[in-house]
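Q: The structure under discussion is supplied below as structure tokens; questions concerning it will follow.
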Amino acid sequence: MSSPDMPSVCTVELGQRTYPIYIEREVLSRLGSLCREAGLAGRALLVSDHTVAGHYGAAAAAALQAAGYAVATVTVPPGETSKSHEQLLAVYDAALAGGLDRAAFIVALGGGVVGDLAGYAAATYLRGVAYVQAPTSLLAMVDSSVGGKTGVNLPQGKNLIGSFHQPALVLADTATLQTLSTREFCSGLAEVVKYGVIADPEILDRLEGTTPEALQQDDRGLAGLIRRSCEIKADVVRQDEREGGLRAVLNFGHTLGHAIEQVGGYGACLHGEAIAIGMVFAARLSERLKDFPADETERLIRVLRGLQLPVDRPDLPWSALMAAMQRDKKKKAGTVGFVLAEKPGTVAIGCPVSDDVLEAVWNGMPPAPTA
Ligand SMILES: NC(=O)c1ccc[n+]([C@@H]2O[C@H](COP(=O)([O-])OP(=O)(O)OC[C@H]3O[C@@H](n4cnc5c(N)ncnc54)[C@H](O)[C@@H]3O)[C@@H](O)[C@H]2O)c1
Ligand SMILES: [Zn+2]
């Protein structure tokens with residue numbers, strides 16, 4: 001795996017839409033100068049949520065102003081409910097009030113919610129302006145800020161409205177993770193574990209035996225893990241920018257994970273917590289259908305437990321989970337099937353699994369202890 005001493009920039013290679021990802025402590029102080037380097041001109045609209053803006057909004061605005069940008073700001077309430085048309089209108093309003101024209105750009109400062117909302121606003125405002133991702137949650141740093149998927153929710157469901165719109169620049173300031181709650185931090189680590197399973201088992205070696213508290217303090221180690229995660233995601237996105245096929249590897253653990261989120265009620269468990277359980281489930285399926293070694297599933301469980309993530313079967317009705325997985329499949333015509341692991345670091349997509357096997361593996365998982 002890359003050493004944390006290597007230059008902390010990686011690149012998403014997408015021809016004319018190629019962009020750099022900076023992963024560095026305090027890189028937010030260079031926000032303005034890096035925007036200049038990226039060729040961004042015009043006015044800036046800084047979009048954040050109230051919590052993140054309280055910590056880092058002033059510093060980000062000052063960094064932009066120091067580089068000569070006129071800055072307007074808008075903040076939305078924290079949480080998934082802000083990925084709404086109401087908050088999208090608030091962003092458009094602020095863009096208009098701030099005099100943003102086609103040459104202007106938007107900066108998304110926050111977690112995945114702000115990134116998806118501000119990114120979608122950038123994709124659509126005046127038929128599209130440039131934007132910068134400044135992720136402040138671990139999930140946003142290793143997943144949502146890279147790859148150009150943007151969008152908002154409808155009352156009928158999550159991410160039903162959206163667009164592919166690649167950022168001009170991604171800036172992950174690892175110092176911001178100090179204020180992220182441990183629970184959110186651990187949830188983000190679940191995606192890092194996922195990259196270990198789908199592409200690079202060395203990530204699992206790095207995570208085994210460590211604690212979230214130790215990691216949260218270990219800036220260099222963390223930067224190395226974030227960088228490796230971004231490299232893996234960037235490589236997948238480079239090969240399949242618009243989710244035609246390969247990008248499905250990123251969904252390891254997500255088929256059941258999404259169902260758990262839906263059936264359990266959004267908010268009852270965090271995304272990373274749901275996919276931790278989903279990954280154990282997918283690994284057990286892989287044992288049956290792909291000869292994935294059982295001791296690798298045991299290691300996955302050890303790593304997840306060590307990161308304070310759940311691994312047991314939650315008390316949710318199987319019929320409801322099955323129905324949710326069927327709905328998920330219908331929405332994603334073309335990528336039906338499970339992502340299964342063949343060996344650590346290698347997965348297969350679109351694997352058919354019979355309902356009987358799904359249910360048997362679910363029932364074979366130990367039930368979570370009731371609180
Ligand atoms: N576009 C994509 O490719 C993609 C991929 C994965 C997830 N997502 C989306 O990302 C969203 C989830 O992102 P998330 O987990 O970052 O949630 P989030 O944006 O709601 O952030 C989680 C919480 O942490 C707080 N927070 C963020 N950074 C902080 C910091 N540095 N210090 C203190 N508090 C901080 C936020 O205010 C929020 O309360 C979902 O809407 C999901 O659909 C998108
Ligand atoms: Zn995910």
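Lettering and numbering for the structure tokens are positional, with chains as A, B, ... in the shown order, residues counted from 1 in each chain, and ligands counted from 1 in the shown order.
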Hey, could you make a per-residue contact list for chain A against ligand 1 with 6 Å as the cut-off, showing the nearest pair of atoms and its distance in Å to one decimal, counting only C-alpha atoms and all ligand atoms, sorted by chain and number, as a tab-separated table?
A:
```
residue	atom	partner	partner_atom_place_in_ligand_line	distance
A:Asp49	CA	ligand 1	37 (O)	5.9
A:Thr51	CA	ligand 1	37 (O)	4.8
A:Val52	CA	ligand 1	29 (C)	5.4
A:Pro78	CA	ligand 1	37 (O)	4.6
A:Gly79	CA	ligand 1	20 (O)	4.2
A:Glu80	CA	ligand 1	20 (O)	5.4
A:Gly110	CA	ligand 1	28 (N)	5.2
A:Gly111	CA	ligand 1	19 (O)	3.2
A:Gly112	CA	ligand 1	13 (O)	3.2
A:Val113	CA	ligand 1	19 (O)	3.8
A:Val114	CA	ligand 1	19 (O)	5.6
A:Asp116	CA	ligand 1	1 (N)	5.5
A:Thr136	CA	ligand 1	28 (N)	4.2
A:Ser137	CA	ligand 1	28 (N)	4.0
A:Leu139	CA	ligand 1	16 (O)	5.1
A:Ala140	CA	ligand 1	16 (O)	4.9
A:Asp143	CA	ligand 1	5 (C)	5.2
A:Ser144	CA	ligand 1	4 (C)	3.6
A:Lys149	CA	ligand 1	1 (N)	4.2
A:Thr150	CA	ligand 1	1 (N)	5.0
A:Thr176	CA	ligand 1	31 (N)	4.4
A:Leu177	CA	ligand 1	31 (N)	4.8
A:Thr179	CA	ligand 1	32 (N)	4.1
A:Leu180	CA	ligand 1	32 (N)	3.8
```
Q: Produce a file of the selected residues containing N, CA, C and O atoms, as a CSV table (one decimal), in the first residue's frame.
A:
```csv
chain,number,residue,atom,x,y,z
A,49,ASP,N,-23.2,22.4,5.8
A,49,ASP,CA,-24.4,22.3,6.7
A,49,ASP,C,-24.0,23.1,8.0
A,49,ASP,O,-22.8,23.4,8.2
A,51,THR,N,-23.5,22.3,11.1
A,51,THR,CA,-22.5,21.8,11.9
A,51,THR,C,-21.1,22.0,11.4
A,51,THR,O,-20.2,22.6,12.0
A,52,VAL,N,-20.9,21.6,10.1
A,52,VAL,CA,-19.6,21.8,9.5
A,52,VAL,C,-19.3,23.2,9.3
A,52,VAL,O,-18.1,23.6,9.5
A,78,PRO,N,-28.0,20.0,9.1
A,78,PRO,CA,-27.3,18.7,8.9
A,78,PRO,C,-28.3,17.5,8.7
A,78,PRO,O,-29.4,17.6,9.2
A,79,GLY,N,-27.9,16.5,7.9
A,79,GLY,CA,-28.7,15.3,7.8
A,79,GLY,C,-29.3,15.1,6.5
A,79,GLY,O,-29.4,16.0,5.6
A,80,GLU,N,-29.7,13.8,6.3
A,80,GLU,CA,-30.1,13.3,5.0
A,80,GLU,C,-31.3,14.1,4.5
A,80,GLU,O,-31.5,14.3,3.2
A,110,GLY,N,-18.5,19.6,3.4
A,110,GLY,CA,-19.3,18.8,4.4
A,110,GLY,C,-19.2,17.4,4.0
A,110,GLY,O,-18.3,16.9,3.3
A,111,GLY,N,-20.2,16.6,4.6
A,111,GLY,CA,-20.3,15.2,4.3
A,111,GLY,C,-20.9,14.9,3.0
A,111,GLY,O,-21.1,15.8,2.1
A,112,GLY,N,-21.3,13.7,2.8
A,112,GLY,CA,-21.9,13.3,1.5
A,112,GLY,C,-23.2,14.0,1.2
A,112,GLY,O,-23.6,14.2,0.0
A,113,VAL,N,-23.9,14.4,2.2
A,113,VAL,CA,-25.2,15.1,2.0
A,113,VAL,C,-24.9,16.4,1.3
A,113,VAL,O,-25.5,16.7,0.2
A,114,VAL,N,-24.0,17.2,1.8
A,114,VAL,CA,-23.7,18.5,1.2
A,114,VAL,C,-23.1,18.3,-0.1
A,114,VAL,O,-23.4,19.0,-1.1
A,116,ASP,N,-23.5,15.8,-2.3
A,116,ASP,CA,-24.5,15.4,-3.3
A,116,ASP,C,-25.4,16.5,-3.7
A,116,ASP,O,-25.8,16.7,-4.9
A,136,THR,N,-15.7,16.5,4.5
A,136,THR,CA,-15.2,16.6,5.9
A,136,THR,C,-15.6,15.3,6.7
A,136,THR,O,-15.2,15.2,7.8
A,137,SER,N,-16.4,14.4,6.1
A,137,SER,CA,-16.7,13.2,6.8
A,137,SER,C,-15.8,12.1,6.1
A,137,SER,O,-15.4,12.2,5.0
A,139,LEU,N,-16.7,9.1,5.2
A,139,LEU,CA,-17.4,8.5,4.1
A,139,LEU,C,-17.3,9.4,2.9
A,139,LEU,O,-17.1,8.9,1.8
A,140,ALA,N,-17.4,10.7,3.0
A,140,ALA,CA,-17.3,11.6,1.9
A,140,ALA,C,-15.9,11.6,1.3
A,140,ALA,O,-15.7,11.6,0.1
A,143,ASP,N,-15.5,8.0,-0.5
A,143,ASP,CA,-16.5,7.5,-1.4
A,143,ASP,C,-17.2,8.6,-2.1
A,143,ASP,O,-17.0,8.8,-3.3
A,144,SER,N,-18.1,9.4,-1.4
A,144,SER,CA,-19.0,10.2,-2.2
A,144,SER,C,-18.4,11.4,-2.9
A,144,SER,O,-19.0,11.9,-3.9
A,149,LYS,N,-21.0,11.3,-8.9
A,149,LYS,CA,-22.5,11.1,-8.7
A,149,LYS,C,-23.0,12.2,-7.8
A,149,LYS,O,-22.5,12.4,-6.7
A,150,THR,N,-24.1,12.9,-8.3
A,150,THR,CA,-24.7,13.9,-7.4
A,150,THR,C,-26.2,13.7,-7.4
A,150,THR,O,-26.7,13.0,-8.3
A,176,THR,N,-10.0,17.8,9.6
A,176,THR,CA,-11.4,18.0,9.9
A,176,THR,C,-12.0,16.8,10.6
A,176,THR,O,-13.0,16.8,11.3
A,177,LEU,N,-11.4,15.6,10.4
A,177,LEU,CA,-11.9,14.4,11.0
A,177,LEU,C,-11.9,14.4,12.5
A,177,LEU,O,-12.5,13.5,13.2
A,179,THR,N,-13.2,16.4,14.5
A,179,THR,CA,-14.4,16.8,15.1
A,179,THR,C,-15.6,15.9,14.7
A,179,THR,O,-16.7,16.1,15.2
A,180,LEU,N,-15.3,14.9,13.8
A,180,LEU,CA,-16.4,14.0,13.4
A,180,LEU,C,-16.6,13.0,14.6
A,180,LEU,O,-15.7,12.5,15.2
```
Q: Kindly assemble as JSON lines a list of the chain A residues that lie within 10 Å of ligand 2, each paired with its nearest atom pair and their distance in Å to one decimal, using only C-alpha atoms and all ligand atoms, sorted first by chain and then by ascending residue number.
A:
```
{"residue": "A:Leu139", "atom": "CA", "partner": "ligand 2", "partner_atom_place_in_ligand_line": "1 (Zn)", "distance": 8.0}
{"residue": "A:Ala140", "atom": "CA", "partner": "ligand 2", "partner_atom_place_in_ligand_line": "1 (Zn)", "distance": 9.9}
{"residue": "A:Val142", "atom": "CA", "partner": "ligand 2", "partner_atom_place_in_ligand_line": "1 (Zn)", "distance": 9.8}
{"residue": "A:Asp143", "atom": "CA", "partner": "ligand 2", "partner_atom_place_in_ligand_line": "1 (Zn)", "distance": 7.3}
{"residue": "A:Ser144", "atom": "CA", "partner": "ligand 2", "partner_atom_place_in_ligand_line": "1 (Zn)", "distance": 8.4}
{"residue": "A:Ser187", "atom": "CA", "partner": "ligand 2", "partner_atom_place_in_ligand_line": "1 (Zn)", "distance": 9.4}
{"residue": "A:Gly188", "atom": "CA", "partner": "ligand 2", "partner_atom_place_in_ligand_line": "1 (Zn)", "distance": 8.5}
{"residue": "A:Ala190", "atom": "CA", "partner": "ligand 2", "partner_atom_place_in_ligand_line": "1 (Zn)", "distance": 8.2}
{"residue": "A:Glu191", "atom": "CA", "partner": "ligand 2", "partner_atom_place_in_ligand_line": "1 (Zn)", "distance": 6.1}
{"residue": "A:Val192", "atom": "CA", "partner": "ligand 2", "partner_atom_place_in_ligand_line": "1 (Zn)", "distance": 9.8}
{"residue": "A:Lys194", "atom": "CA", "partner": "ligand 2", "partner_atom_place_in_ligand_line": "1 (Zn)", "distance": 8.7}
{"residue": "A:Leu250", "atom": "CA", "partner": "ligand 2", "partner_atom_place_in_ligand_line": "1 (Zn)", "distance": 7.6}
{"residue": "A:Asn251", "atom": "CA", "partner": "ligand 2", "partner_atom_place_in_ligand_line": "1 (Zn)", "distance": 6.9}
{"residue": "A:Phe252", "atom": "CA", "partner": "ligand 2", "partner_atom_place_in_ligand_line": "1 (Zn)", "distance": 8.6}
{"residue": "A:Gly253", "atom": "CA", "partner": "ligand 2", "partner_atom_place_in_ligand_line": "1 (Zn)", "distance": 8.3}
{"residue": "A:His254", "atom": "CA", "partner": "ligand 2", "partner_atom_place_in_ligand_line": "1 (Zn)", "distance": 6.5}
{"residue": "A:Gly257", "atom": "CA", "partner": "ligand 2", "partner_atom_place_in_ligand_line": "1 (Zn)", "distance": 8.4}
{"residue": "A:His258", "atom": "CA", "partner": "ligand 2", "partner_atom_place_in_ligand_line": "1 (Zn)", "distance": 8.7}
{"residue": "A:His271", "atom": "CA", "partner": "ligand 2", "partner_atom_place_in_ligand_line": "1 (Zn)", "distance": 6.5}
{"residue": "A:Gly272", "atom": "CA", "partner": "ligand 2", "partner_atom_place_in_ligand_line": "1 (Zn)", "distance": 6.6}
{"residue": "A:Glu273", "atom": "CA", "partner": "ligand 2", "partner_atom_place_in_ligand_line": "1 (Zn)", "distance": 9.8}
{"residue": "A:Ala274", "atom": "CA", "partner": "ligand 2", "partner_atom_place_in_ligand_line": "1 (Zn)", "distance": 9.0}
{"residue": "A:Ile275", "atom": "CA", "partner": "ligand 2", "partner_atom_place_in_ligand_line": "1 (Zn)", "distance": 6.8}
{"residue": "A:Ala276", "atom": "CA", "partner": "ligand 2", "partner_atom_place_in_ligand_line": "1 (Zn)", "distance": 9.7}
```
Q: Skip A:Arg36 itself and residues of its chain fewer than 6 positions away, then list as a PyMOL selection string all residues within 12 Å of it, counting only C-alpha atoms.
A: chain A and resi 30+42-44+63-69+105+132+168-169
Q: Among the residues of stretch 194-364 of chain A, find those DSSP assigns to helix (DSSP H, G or I) from the backbone and print them as a ChimeraX atom specification.
A: /A:194-198,201-207,212-217,219-239,246-251,254-264,271-290,294-306,318-331,355-364
Q: Per DSSP on the backbone, filter stretch 162-345 of chain A down to the residues in strand (DSSP E or B) and report them as JSON, numbers by chain.
A: {"A": [162, 163, 164, 169, 170, 171, 172, 173, 266, 269, 313, 338, 339, 340, 341, 342, 343]}
Q: Any chance you could export the current selection's C-alpha atoms as an mmCIF file, in the first residue's frame?
A:
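Wrote part-v2.cif, looks like this:
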```
data_model
loop_
_atom_site.group_PDB
_atom_site.id
_atom_site.type_symbol
_atom_site.label_atom_id
_atom_site.label_comp_id
_atom_site.auth_asym_id
_atom_site.auth_seq_id
_atom_site.Cartn_x
_atom_site.Cartn_y
_atom_site.Cartn_z
ATOM 1 C CA GLY A 162 -29.430 13.146 -9.962
ATOM 2 C CA SER A 163 -26.742 13.671 -12.484
ATOM 3 C CA PHE A 164 -23.179 12.656 -13.235
ATOM 4 C CA LEU A 169 -10.978 19.330 -7.622
ATOM 5 C CA VAL A 170 -11.319 17.310 -4.412
ATOM 6 C CA LEU A 171 -9.713 18.498 -1.210
ATOM 7 C CA ALA A 172 -9.795 16.168 1.797
ATOM 8 C CA ASP A 173 -8.455 17.871 4.918
ATOM 9 C CA TYR A 266 -33.187 5.520 7.740
ATOM 10 C CA CYS A 269 -28.416 2.635 11.635
ATOM 11 C CA ARG A 313 -28.091 -10.406 12.045
ATOM 12 C CA PHE A 338 -24.814 -9.929 -6.073
ATOM 13 C CA VAL A 339 -21.230 -8.806 -5.841
ATOM 14 C CA LEU A 340 -19.387 -11.833 -4.454
ATOM 15 C CA ALA A 341 -15.783 -12.262 -3.377
ATOM 16 C CA GLU A 342 -13.679 -14.948 -5.028
ATOM 17 C CA LYS A 343 -10.627 -14.312 -2.874
#
```
Q: Calculated over only C-alpha atoms, which of the candidates A:Val74, A:Leu160, A:Ile106, A:Leu207 has the smallest distance to A:Asp93?
A: A:Val74
Q: Which is closest to A:Ala104 among A:Pro77, A:Gly119, A:Gly15, A:Gly128, if we use only C-alpha atoms?
A: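 Checking each candidate against A:Ala104, we get A:Gly128 as the closest.
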Q: What gap, in Å, lies between atom CA of A:Leu88 and atom CA of A:Ala118?
A: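 Atom CA of A:Ala118 lies at a distance of 7.8 Å from atom CA of A:Leu88.
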